[in-house]
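work-v7.cif follows (mmCIF, C-alpha atoms):
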data_protein
#
loop_
_atom_site.label_atom_id
_atom_site.label_comp_id
_atom_site.auth_asym_id
_atom_site.auth_seq_id
_atom_site.Cartn_x
_atom_site.Cartn_y
_atom_site.Cartn_z
CA MET A 22 106.31 -3.46 -11.81
CA VAL A 23 107.40 -6.12 -14.26
CA VAL A 24 106.18 -5.57 -17.80
CA PRO A 25 106.45 -8.76 -19.85
CA SER A 26 108.56 -8.63 -22.99
CA GLY A 27 107.34 -9.78 -26.40
CA SER A 28 103.97 -9.10 -27.93
CA LEU A 29 102.16 -9.24 -24.59
CA GLY A 30 104.11 -6.25 -23.29
CA THR A 31 102.78 -3.86 -25.88
CA TRP A 32 99.50 -1.99 -25.73
CA GLU A 33 99.72 -0.23 -29.11
CA THR A 34 97.20 -1.23 -31.73
CA LYS A 35 99.70 -1.24 -34.58
CA SER A 36 102.29 -3.43 -32.89
CA ILE A 37 99.66 -5.90 -31.61
CA VAL A 38 98.34 -6.30 -35.15
CA THR A 39 101.75 -6.53 -36.84
CA THR A 40 103.06 -9.16 -34.39
CA MET A 41 99.89 -11.26 -34.34
CA PHE A 42 98.54 -11.15 -37.87
CA PRO A 43 101.34 -13.17 -39.54
CA LEU A 44 100.96 -15.89 -36.89
CA LEU A 45 97.19 -15.94 -37.45
CA VAL A 46 97.70 -16.45 -41.18
CA VAL A 47 100.12 -19.36 -40.50
CA LEU A 48 97.58 -20.94 -38.12
CA CYS A 49 94.82 -20.59 -40.75
CA VAL A 50 96.92 -22.44 -43.30
CA ILE A 51 97.54 -25.26 -40.77
CA VAL A 52 93.86 -25.62 -39.87
CA LEU A 53 92.82 -25.42 -43.55
CA TRP A 54 93.86 -29.08 -43.69
CA ALA A 55 91.15 -29.91 -41.17
CA GLY A 56 88.68 -28.01 -43.33
CA ILE A 57 89.57 -29.99 -46.44
CA THR A 58 89.19 -33.23 -44.42
CA LEU A 59 85.73 -32.08 -43.35
CA GLU A 60 84.72 -31.19 -46.91
CA ASP A 61 85.88 -34.64 -48.09
CA ALA A 62 83.63 -36.23 -45.46
CA GLU A 63 80.53 -34.33 -46.64
CA GLU A 64 78.64 -37.46 -47.72
CA LEU A 65 79.50 -39.28 -44.50
CA LEU A 66 78.18 -36.31 -42.51
CA GLU A 67 74.99 -36.08 -44.58
CA THR A 68 74.29 -39.78 -44.01
CA TYR A 69 75.11 -39.65 -40.30
CA GLY A 70 74.13 -36.16 -39.11
CA LEU A 71 75.13 -37.02 -35.54
CA LEU A 72 78.78 -37.02 -36.59
CA ALA A 73 78.40 -33.34 -37.57
CA VAL A 74 77.06 -32.68 -34.07
CA MET A 75 80.31 -34.10 -32.65
CA VAL A 76 82.66 -32.21 -35.01
CA PRO A 77 83.18 -28.89 -33.13
CA THR A 78 83.92 -30.70 -29.86
CA MET A 79 86.35 -33.08 -31.56
CA VAL A 80 88.11 -30.09 -33.11
CA ASP A 81 88.35 -28.07 -29.89
CA MET A 82 88.87 -30.62 -27.15
CA GLY A 83 92.34 -31.86 -28.17
CA GLY A 84 93.55 -28.27 -28.15
CA ASN A 85 91.90 -27.65 -24.76
CA LEU A 86 93.63 -30.68 -23.23
CA GLY A 87 96.96 -29.65 -24.76
CA ALA A 88 96.55 -26.12 -23.39
CA ILE A 89 95.84 -27.40 -19.85
CA LEU A 90 99.00 -29.53 -19.88
CA SER A 91 101.16 -26.89 -21.61
CA SER A 92 100.27 -24.13 -19.17
CA ARG A 93 101.01 -26.40 -16.19
CA LEU A 94 104.32 -27.55 -17.65
CA SER A 95 105.40 -24.02 -18.54
CA THR A 96 104.63 -22.88 -14.99
CA ARG A 97 106.85 -25.70 -13.68
CA PHE A 98 109.65 -24.63 -16.02
CA HIS A 99 109.30 -21.03 -14.83
CA LEU A 100 109.56 -22.34 -11.27
CA GLY A 101 112.86 -24.08 -11.96
CA THR A 102 112.32 -27.60 -13.36
CA THR A 103 114.74 -27.63 -16.26
CA GLU A 104 114.81 -31.17 -17.67
CA ILE A 105 112.23 -33.72 -18.71
CA ASP A 106 112.77 -36.49 -16.16
CA LEU A 107 110.90 -39.70 -16.93
CA LYS A 108 111.02 -40.59 -13.22
CA ASP A 109 109.31 -37.28 -12.36
CA ARG A 110 106.11 -38.38 -10.60
CA VAL A 111 104.43 -34.97 -10.93
CA LEU A 112 104.90 -35.05 -14.72
CA TRP A 113 103.22 -38.48 -14.83
CA ALA A 114 100.43 -37.27 -12.56
CA ASN A 115 99.81 -34.41 -15.02
CA ILE A 116 99.75 -36.80 -17.96
CA ALA A 117 97.47 -39.28 -16.15
CA ALA A 118 95.09 -36.45 -15.23
CA VAL A 119 94.84 -35.30 -18.87
CA LEU A 120 94.06 -38.90 -19.93
CA GLY A 121 91.46 -39.16 -17.16
CA LEU A 122 89.86 -35.89 -18.27
CA ALA A 123 89.83 -37.09 -21.88
CA ALA A 124 88.17 -40.41 -20.94
CA THR A 125 85.49 -38.56 -18.96
CA ILE A 126 84.76 -35.83 -21.49
CA PHE A 127 84.69 -38.11 -24.57
CA THR A 128 82.35 -40.53 -22.77
CA ALA A 129 80.13 -37.52 -22.03
CA LEU A 130 80.37 -36.44 -25.70
CA ALA A 131 79.05 -39.84 -26.83
CA PHE A 132 76.15 -39.68 -24.35
CA GLY A 133 75.42 -36.05 -25.34
CA ALA A 134 75.38 -36.88 -29.04
CA TRP A 135 73.21 -39.94 -28.39
CA ALA A 136 70.69 -37.86 -26.43
CA ILE A 137 70.58 -35.24 -29.21
CA GLY A 138 70.06 -38.07 -31.71
CA GLN A 139 66.98 -39.22 -29.78
CA VAL A 140 65.52 -35.71 -30.05
CA ILE A 141 66.34 -34.86 -33.67
CA GLY A 142 65.71 -38.43 -34.87
CA ALA A 143 69.17 -39.10 -36.32
CA ALA A 144 70.04 -42.02 -34.12
CA LEU A 145 73.20 -44.09 -34.03
CA PRO A 146 73.55 -46.78 -31.33
CA LEU A 147 75.16 -45.57 -28.11
CA SER A 148 77.82 -48.30 -28.36
CA THR A 149 78.89 -47.07 -31.83
CA LEU A 150 79.07 -43.48 -30.60
CA LEU A 151 81.12 -44.54 -27.57
CA ILE A 152 83.58 -46.48 -29.75
CA ILE A 153 84.00 -43.55 -32.19
CA SER A 154 84.22 -40.86 -29.51
CA LEU A 155 86.56 -42.69 -27.12
CA THR A 156 88.90 -44.17 -29.73
CA SER A 157 89.42 -40.89 -31.56
CA GLY A 158 89.34 -38.85 -28.34
CA MET A 159 92.00 -40.90 -26.56
CA ALA A 160 94.19 -40.94 -29.68
CA VAL A 161 93.96 -37.14 -29.83
CA ALA A 162 94.72 -36.88 -26.10
CA VAL A 163 97.93 -38.90 -26.52
CA ILE A 164 99.01 -36.69 -29.44
CA ALA A 165 98.16 -33.57 -27.41
CA ILE A 166 100.29 -34.84 -24.50
CA ILE A 167 103.33 -35.66 -26.65
CA ALA A 168 103.09 -32.37 -28.57
CA SER A 169 102.66 -30.29 -25.40
CA VAL A 170 105.57 -31.89 -23.53
CA PHE A 171 107.99 -31.49 -26.43
CA ALA A 172 106.80 -28.02 -27.46
CA THR A 173 106.93 -26.60 -23.94
CA TYR A 174 110.32 -28.15 -23.29
CA GLY A 175 111.62 -27.06 -26.71
CA SER A 176 110.50 -23.46 -26.41
CA TYR A 177 111.97 -23.30 -22.92
CA LYS A 178 115.33 -24.51 -24.29
CA LEU A 179 115.16 -21.95 -27.12
CA GLY A 180 114.26 -19.17 -24.69
CA VAL A 181 110.87 -18.45 -26.29
CA ASP A 182 107.86 -17.74 -24.08
CA PRO A 183 105.57 -20.73 -24.81
CA ASP A 184 102.46 -18.56 -24.28
CA ASP A 185 103.28 -16.42 -27.30
CA THR A 186 103.78 -18.92 -30.09
CA THR A 187 104.22 -22.54 -29.00
CA ILE A 188 100.86 -23.08 -27.32
CA PRO A 189 98.81 -21.60 -30.20
CA ILE A 190 100.72 -23.67 -32.76
CA VAL A 191 100.46 -26.89 -30.71
CA THR A 192 96.74 -26.47 -30.02
CA ASN A 193 96.02 -25.78 -33.70
CA VAL A 194 98.07 -28.77 -34.89
CA VAL A 195 96.26 -30.96 -32.37
CA ASP A 196 92.92 -29.61 -33.65
CA VAL A 197 93.84 -30.75 -37.15
CA CYS A 198 94.81 -34.20 -35.84
CA GLY A 199 91.48 -34.37 -34.01
CA MET A 200 89.53 -33.82 -37.21
CA ILE A 201 91.56 -36.26 -39.32
CA ILE A 202 91.45 -39.03 -36.68
CA PHE A 203 87.73 -38.50 -36.00
CA ILE A 204 86.73 -38.70 -39.67
CA GLY A 205 89.08 -41.67 -40.24
CA ILE A 206 87.78 -43.69 -37.29
CA SER A 207 84.14 -42.80 -38.05
CA SER A 208 84.46 -44.06 -41.64
CA LEU A 209 86.16 -47.22 -40.39
CA VAL A 210 83.60 -48.00 -37.67
CA LEU A 211 80.58 -47.23 -39.89
CA GLY A 212 82.13 -49.03 -42.88
CA PHE A 213 81.58 -46.00 -45.09
CA MET B 10 100.54 -40.11 -2.32
CA GLU B 11 101.90 -37.08 -4.13
CA PHE B 12 100.90 -38.65 -7.46
CA ARG B 13 97.31 -39.21 -6.36
CA ARG B 14 96.92 -35.73 -4.86
CA GLU B 15 98.34 -34.02 -7.95
CA PHE B 16 96.15 -36.15 -10.24
CA TRP B 17 92.90 -35.32 -8.46
CA SER B 18 93.74 -31.64 -8.07
CA ILE B 19 94.21 -31.21 -11.84
CA TYR B 20 91.19 -33.37 -12.64
CA ARG B 21 88.84 -31.54 -10.29
CA GLU B 22 90.09 -28.11 -11.33
CA SER B 23 89.73 -28.69 -15.08
CA LEU B 24 86.64 -30.89 -15.42
CA PRO B 25 83.93 -28.22 -14.89
CA ILE B 26 85.62 -25.98 -17.49
CA LEU B 27 85.79 -28.82 -20.02
CA PHE B 28 82.11 -29.64 -19.43
CA ILE B 29 81.16 -26.04 -20.20
CA ALA B 30 83.23 -26.26 -23.39
CA LEU B 31 81.47 -29.55 -24.23
CA GLY B 32 78.07 -27.86 -23.92
CA GLY B 33 79.15 -25.08 -26.28
CA GLY B 34 80.62 -27.63 -28.67
CA LEU B 35 77.42 -29.69 -28.83
CA PHE B 36 75.33 -26.58 -29.52
CA ALA B 37 77.75 -25.58 -32.31
CA GLY B 38 77.48 -29.14 -33.65
CA LEU B 39 73.70 -28.87 -33.85
CA VAL B 40 74.03 -25.65 -35.86
CA LEU B 41 76.61 -27.32 -38.15
CA GLU B 42 74.22 -30.23 -38.70
CA GLY B 43 71.52 -27.75 -39.68
CA MET B 44 73.93 -25.97 -42.02
CA LEU B 45 74.77 -29.10 -44.05
CA GLU B 46 71.84 -28.32 -46.38
CA SER B 47 73.46 -25.06 -47.43
CA VAL B 48 76.67 -26.84 -48.46
CA GLU B 49 75.16 -27.74 -51.85
CA ARG B 50 74.44 -24.06 -52.51
CA PHE B 51 77.90 -22.93 -51.33
CA PRO B 52 80.56 -25.56 -52.12
CA GLY B 53 83.63 -24.92 -49.97
CA LEU B 54 81.61 -23.77 -46.98
CA LEU B 55 82.69 -26.80 -44.93
CA VAL B 56 86.38 -26.05 -45.57
CA MET B 57 86.00 -22.73 -43.79
CA VAL B 58 84.19 -24.05 -40.68
CA PRO B 59 87.16 -25.45 -38.67
CA VAL B 60 89.41 -22.56 -39.73
CA PHE B 61 86.81 -19.97 -38.71
CA LEU B 62 86.21 -21.64 -35.32
CA ALA B 63 89.95 -22.07 -34.58
CA THR B 64 90.63 -18.43 -35.48
CA ARG B 65 88.03 -17.17 -32.99
CA GLY B 66 90.03 -18.98 -30.29
CA ASN B 67 93.37 -17.60 -31.49
CA VAL B 68 92.31 -13.93 -31.78
CA TYR B 69 90.14 -13.59 -28.69
CA GLY B 70 92.28 -15.94 -26.57
CA ALA B 71 95.12 -13.49 -27.16
CA LEU B 72 92.91 -10.52 -26.22
CA GLY B 73 91.75 -12.33 -23.08
CA GLY B 74 95.34 -13.16 -22.10
CA ARG B 75 96.36 -9.54 -22.58
CA ILE B 76 93.43 -8.15 -20.57
CA SER B 77 94.07 -10.67 -17.82
CA SER B 78 97.79 -9.71 -17.57
CA GLY B 79 96.78 -6.04 -17.63
CA LEU B 80 94.41 -6.56 -14.71
CA HIS B 81 97.08 -8.45 -12.73
CA GLN B 82 99.58 -5.63 -13.32
CA GLY B 83 97.08 -2.90 -12.52
CA LEU B 84 97.48 -1.41 -16.01
CA ILE B 85 93.75 -1.47 -16.69
CA ALA B 86 90.71 -1.36 -14.44
CA PRO B 87 87.97 -4.03 -14.51
CA ARG B 88 85.33 -1.82 -16.15
CA PHE B 89 84.38 -0.43 -19.56
CA GLU B 90 86.14 2.94 -19.73
CA ARG B 91 88.18 5.09 -22.10
CA ASN B 92 91.46 3.61 -20.97
CA GLU B 93 93.93 4.05 -23.82
CA ARG B 94 95.44 0.56 -23.39
CA LEU B 95 92.04 -1.12 -23.29
CA VAL B 96 90.82 0.79 -26.35
CA ASN B 97 94.01 -0.04 -28.30
CA ALA B 98 93.79 -3.74 -27.46
CA VAL B 99 90.12 -3.85 -28.44
CA ILE B 100 90.73 -2.05 -31.76
CA ALA B 101 93.61 -4.45 -32.52
CA SER B 102 91.29 -7.41 -31.91
CA PHE B 103 88.68 -6.00 -34.27
CA ILE B 104 91.33 -5.54 -36.97
CA ASN B 105 92.82 -9.02 -36.40
CA GLY B 106 89.45 -10.76 -36.12
CA ILE B 107 87.83 -9.16 -39.17
CA GLY B 108 91.04 -9.09 -41.23
CA ILE B 109 91.73 -12.79 -40.70
CA SER B 110 88.12 -13.64 -41.60
CA ILE B 111 88.67 -12.10 -45.04
CA VAL B 112 91.96 -14.03 -45.33
CA ILE B 113 90.12 -17.30 -44.52
CA GLY B 114 87.67 -16.68 -47.37
CA VAL B 115 90.51 -15.94 -49.79
CA ILE B 116 92.80 -18.87 -48.89
CA SER B 117 89.89 -21.36 -48.79
CA TRP B 118 88.84 -20.23 -52.26
CA GLY B 119 92.48 -20.43 -53.43
CA ALA B 120 93.02 -23.90 -51.96
CA LEU B 121 89.80 -25.25 -53.50
CA ASN B 122 90.81 -23.94 -56.93
CA VAL B 123 94.40 -25.18 -56.70
CA LEU B 124 93.11 -28.64 -55.70
CA GLY B 125 90.66 -28.51 -58.60
CA ARG B 126 87.53 -28.84 -56.45
CA SER B 127 84.19 -27.18 -56.92
CA SER B 128 84.04 -23.86 -55.15
CA SER B 129 81.65 -20.99 -54.61
CA THR B 130 82.74 -17.63 -56.02
CA LEU B 131 85.38 -15.64 -54.17
CA VAL B 132 82.79 -12.94 -53.41
CA GLU B 133 80.41 -15.47 -51.84
CA LEU B 134 83.05 -17.07 -49.58
CA VAL B 135 84.60 -13.75 -48.52
CA GLY B 136 81.13 -12.25 -48.05
CA ILE B 137 80.10 -15.06 -45.70
CA MET B 138 83.34 -14.77 -43.71
CA LEU B 139 83.16 -10.96 -43.53
CA ILE B 140 79.59 -10.90 -42.21
CA ALA B 141 80.25 -13.75 -39.74
CA GLY B 142 83.55 -12.18 -38.68
CA VAL B 143 82.10 -8.72 -37.98
CA LEU B 144 79.09 -10.04 -36.03
CA THR B 145 81.23 -12.47 -33.99
CA SER B 146 83.80 -9.75 -33.18
CA PHE B 147 81.25 -7.51 -31.51
CA VAL B 148 79.69 -10.26 -29.41
CA MET B 149 83.01 -11.95 -28.53
CA ILE B 150 84.81 -8.77 -27.47
CA GLY B 151 81.84 -7.42 -25.50
CA GLY B 152 81.04 -10.77 -23.89
CA LEU B 153 84.66 -11.61 -23.10
CA LEU B 154 85.34 -8.26 -21.42
CA LEU B 155 82.07 -8.39 -19.47
CA LEU B 156 82.73 -11.93 -18.18
CA ILE B 157 86.42 -11.30 -17.34
CA PHE B 158 85.64 -8.02 -15.53
CA THR B 159 82.74 -9.56 -13.60
CA GLY B 160 84.80 -12.65 -12.71
CA TYR B 161 87.75 -10.51 -11.60
CA LYS B 162 85.54 -8.36 -9.36
CA LEU B 163 84.08 -11.53 -7.83
CA GLY B 164 87.61 -12.69 -6.99
CA TYR B 165 88.31 -15.26 -9.76
CA ASP B 166 91.72 -15.38 -11.41
CA PRO B 167 91.08 -14.15 -14.99
CA ASP B 168 93.86 -16.48 -16.26
CA ASN B 169 91.65 -19.47 -15.49
CA LEU B 170 88.57 -17.90 -17.10
CA VAL B 171 89.90 -16.85 -20.50
CA GLY B 172 90.36 -20.25 -22.17
CA PRO B 173 86.94 -21.74 -21.43
CA ILE B 174 85.08 -18.45 -22.04
CA VAL B 175 86.72 -18.05 -25.45
CA THR B 176 86.16 -21.66 -26.52
CA THR B 177 82.53 -21.72 -25.44
CA LEU B 178 81.48 -18.27 -26.71
CA GLY B 179 83.50 -18.83 -29.88
CA ASP B 180 81.78 -22.13 -30.67
CA ILE B 181 78.28 -20.90 -29.91
CA PHE B 182 78.38 -17.46 -31.53
CA GLY B 183 80.89 -18.41 -34.25
CA MET B 184 78.59 -21.14 -35.60
CA ALA B 185 75.36 -19.19 -35.06
CA PHE B 186 76.67 -16.12 -36.93
CA LEU B 187 78.21 -18.30 -39.64
CA PHE B 188 74.76 -19.79 -40.24
CA LEU B 189 73.21 -16.31 -40.27
CA ALA B 190 75.89 -15.07 -42.69
CA VAL B 191 75.13 -17.96 -45.06
CA ILE B 192 71.43 -17.03 -45.04
CA ILE B 193 72.20 -13.32 -45.63
CA VAL B 194 74.56 -14.04 -48.54
CA GLU B 195 72.01 -16.49 -50.00
CA VAL B 196 69.39 -13.72 -50.06
CA LEU B 197 71.72 -10.95 -51.29
CA LEU B 198 73.62 -12.76 -54.06
#

Whole structure given in structure tokens:
Amino acid sequence: MVVPSGSLGTWETKSIVTTMFPLLVVLCVIVLWAGITLEDAEELLETYGLLAVMVPTMVDMGGNLGAILSSRLSTRFHLGTTEIDLKDRVLWANIAAVLGLAATIFTALAFGAWAIGQVIGAALPLSTLLIISLTSGMAVAVIAIIASVFATYGSYKLGVDPDDTTIPIVTNVVDVCGMIIFIGISSLVLGF
Amino acid sequence: MEFRREFWSIYRESLPILFIALGGGLFAGLVLEGMLESVERFPGLLVMVPVFLATRGNVYGALGGRISSGLHQGLIAPRFERNERLVNAVIASFINGIGISIVIGVISWGALNVLGRSSSTLVELVGIMLIAGVLTSFVMIGGLLLLIFTGYKLGYDPDNLVGPIVTTLGDIFGMAFLFLAVIIVEVLL
């Protein structure tokens, strides 16, 4: 039986807490930036309540997309691919699939927010919601792709298991980018 | 050909999961929209929202990953029992989840004061985080274990279940309990 090394190999309460807690504090400090961005946008959100409806998805989805790509890339590294090869067709297929997923899900987010707006009476035009959701969503997806490729490759080179530290850090950084880009593009589009 | 096959296999495999996460995210968004009124009463509340949501993912994603590896290795069984490893991992998640909630309240309060912004009192922010953190811990740990165990017994790979379960449950219950915590602190203080 192979027992993984690192924090995942331990089943003692004390060592799980002492290895994880410092990382959690670091992640909190990173994401605090997203929180301050949100607080700054309070008036924007109070004027356009539908933007608040979109916030949790914008914060989570970049990280989700990054995690999908990272876990696939790290599996490929474990299986023996050792270099980033720009002619690697599977790598490009992975990247294209993440962009396709982002286009689908952020279109659905705009439609979902629009439908909620019809019910709660806080309407913004569907076209405006589509522009905001797709522009910020695709920008976040590109950042998630670049961050995941470099972080997975980098941690592999350094001999660190990407599951332990790299993926949480990348997904949290991408979350912060998602919030900043979303608030920035919303203010721009709505002329706030 | 290989490109197209690979593309569609990833797309088809991931899309349902992302749609579930989208549903959870939209529900959480509705709660956030409803909570905007309380922001005037508790300045600084909005700063804590993304941090609180992200932390749910970090703490319980790690627990889910550990449980899923444990199941694969046969170290734990897919049921609620007094297995020492399972109990240790669950206790560690309670400590991490509740401990980090208190830290969020403290660093948000600190950051607001350093930046010279209006802020609720330290007791109010930490109180909200503590109540929300405790309530979310119980539901997240119970729900996560139940769904992973059930999925595993039905033949699903727990590795593919953890991410979406954590994101969706975390968004829904994280925001709902945060709202509840705000109401409780409003009444008590």

Residue members of the PyMOL selection byres ((chain A) within 6 of (chain B)) in the file shown, as number ranges by chain: A: 32-34, 38, 49, 52-53, 56-57, 60, 70, 73-75, 77-78, 114, 118

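Going from CA of Leu153 in chain B to CA of Asp168 in chain B covers 12.5 Å.
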
As JSON, please: the centre and edge lengths in Å, to one decimal, of an axis-aligned box enclosing every listed atom of range 86-98 of chain B with 4 Å added on each side.
{"center_x": 89.9, "center_y": 0.5, "center_z": -21.4, "size_x": 19.1, "size_y": 17.1, "size_z": 21.9}

CA of Ala124 in chain A to CA of Gly212 in chain A, distance in Å rounded to a single decimal: 24.3 Å

Chain and number of each residue from the PyMOL selection byres ((chain A and resi 105) around 12), as a PyMOL selection string: chain A and resi 94-95+97-98+101-104+106-113+170-175+177-178

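With only C-alpha atoms as the atoms that count, the minimum distance from Ile140 in chain B to the choices B:Tyr69, B:Pro25, B:Ser47, B:Ile111 is reached by B:Ile111.
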
Computed interatomic separation between CA of Leu139 in chain B and CA of Glu90 in chain B (Å):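 Calculated distance between CA of Leu139 in chain B and CA of Glu90 in chain B is 27.7 Å.
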
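Within the 12 Å cut-off around Gly152 in chain B, using all atoms listed in the file and omitting residues fewer than 4 positions from it on the same chain, the listed residues are Tyr69, Gly73, Phe89, Thr145, Ser146, Phe147, Val148, Leu156, Ile157, Phe158, Thr159, Gly160, Val171, Ile174, Val175, Thr177, Leu178, Gly179 and Phe182 of chain B.
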
Residue neighbourhood Leu120 in chain A, 10 Å, only C-alpha atoms, exclusion window fewer than 2 positions, as a ChimeraX atom specification: /A:86,114-118,122-126,158-160,162-163,166 /B:20

Picked residues, the PyMOL selection byres ((chain A and resi 145) around 12), expected as a list in words: Thr68, Tyr69, Gly70, Leu71, Leu72, Ala131, Phe132, Ala134, Trp135, Ala136, Ile137, Gly138, Gln139, Ile141, Gly142, Ala143, Ala144, Pro146, Leu147, Ser148, Thr149, Leu150, Leu151, Ile152, Ile153, Ser207, Val210 and Leu211 of chain A

Neighbour residues at most 8 Å from (88.0, -32.6, -30.3) (all atoms listed in the file) as an NGL selection string: :A and (76-84 or 158 or 161 or 196 or 199-200)

Among listed residues A:Glu63, A:Ile164, A:Ile206, A:Leu155, nearest Val194 in chain A (using only C-alpha atoms): A:Ile164

Residue among A:Ile37, A:Thr156, A:Ser169, A:Phe203 lying closest to Val191 in chain A, counting all atoms listed in the file: A:Ser169

Distance criterion (all atoms listed in the file): nearest to Met138 in chain B out of B:Ile85, B:Leu80, B:Val191, B:Leu163: B:Val191
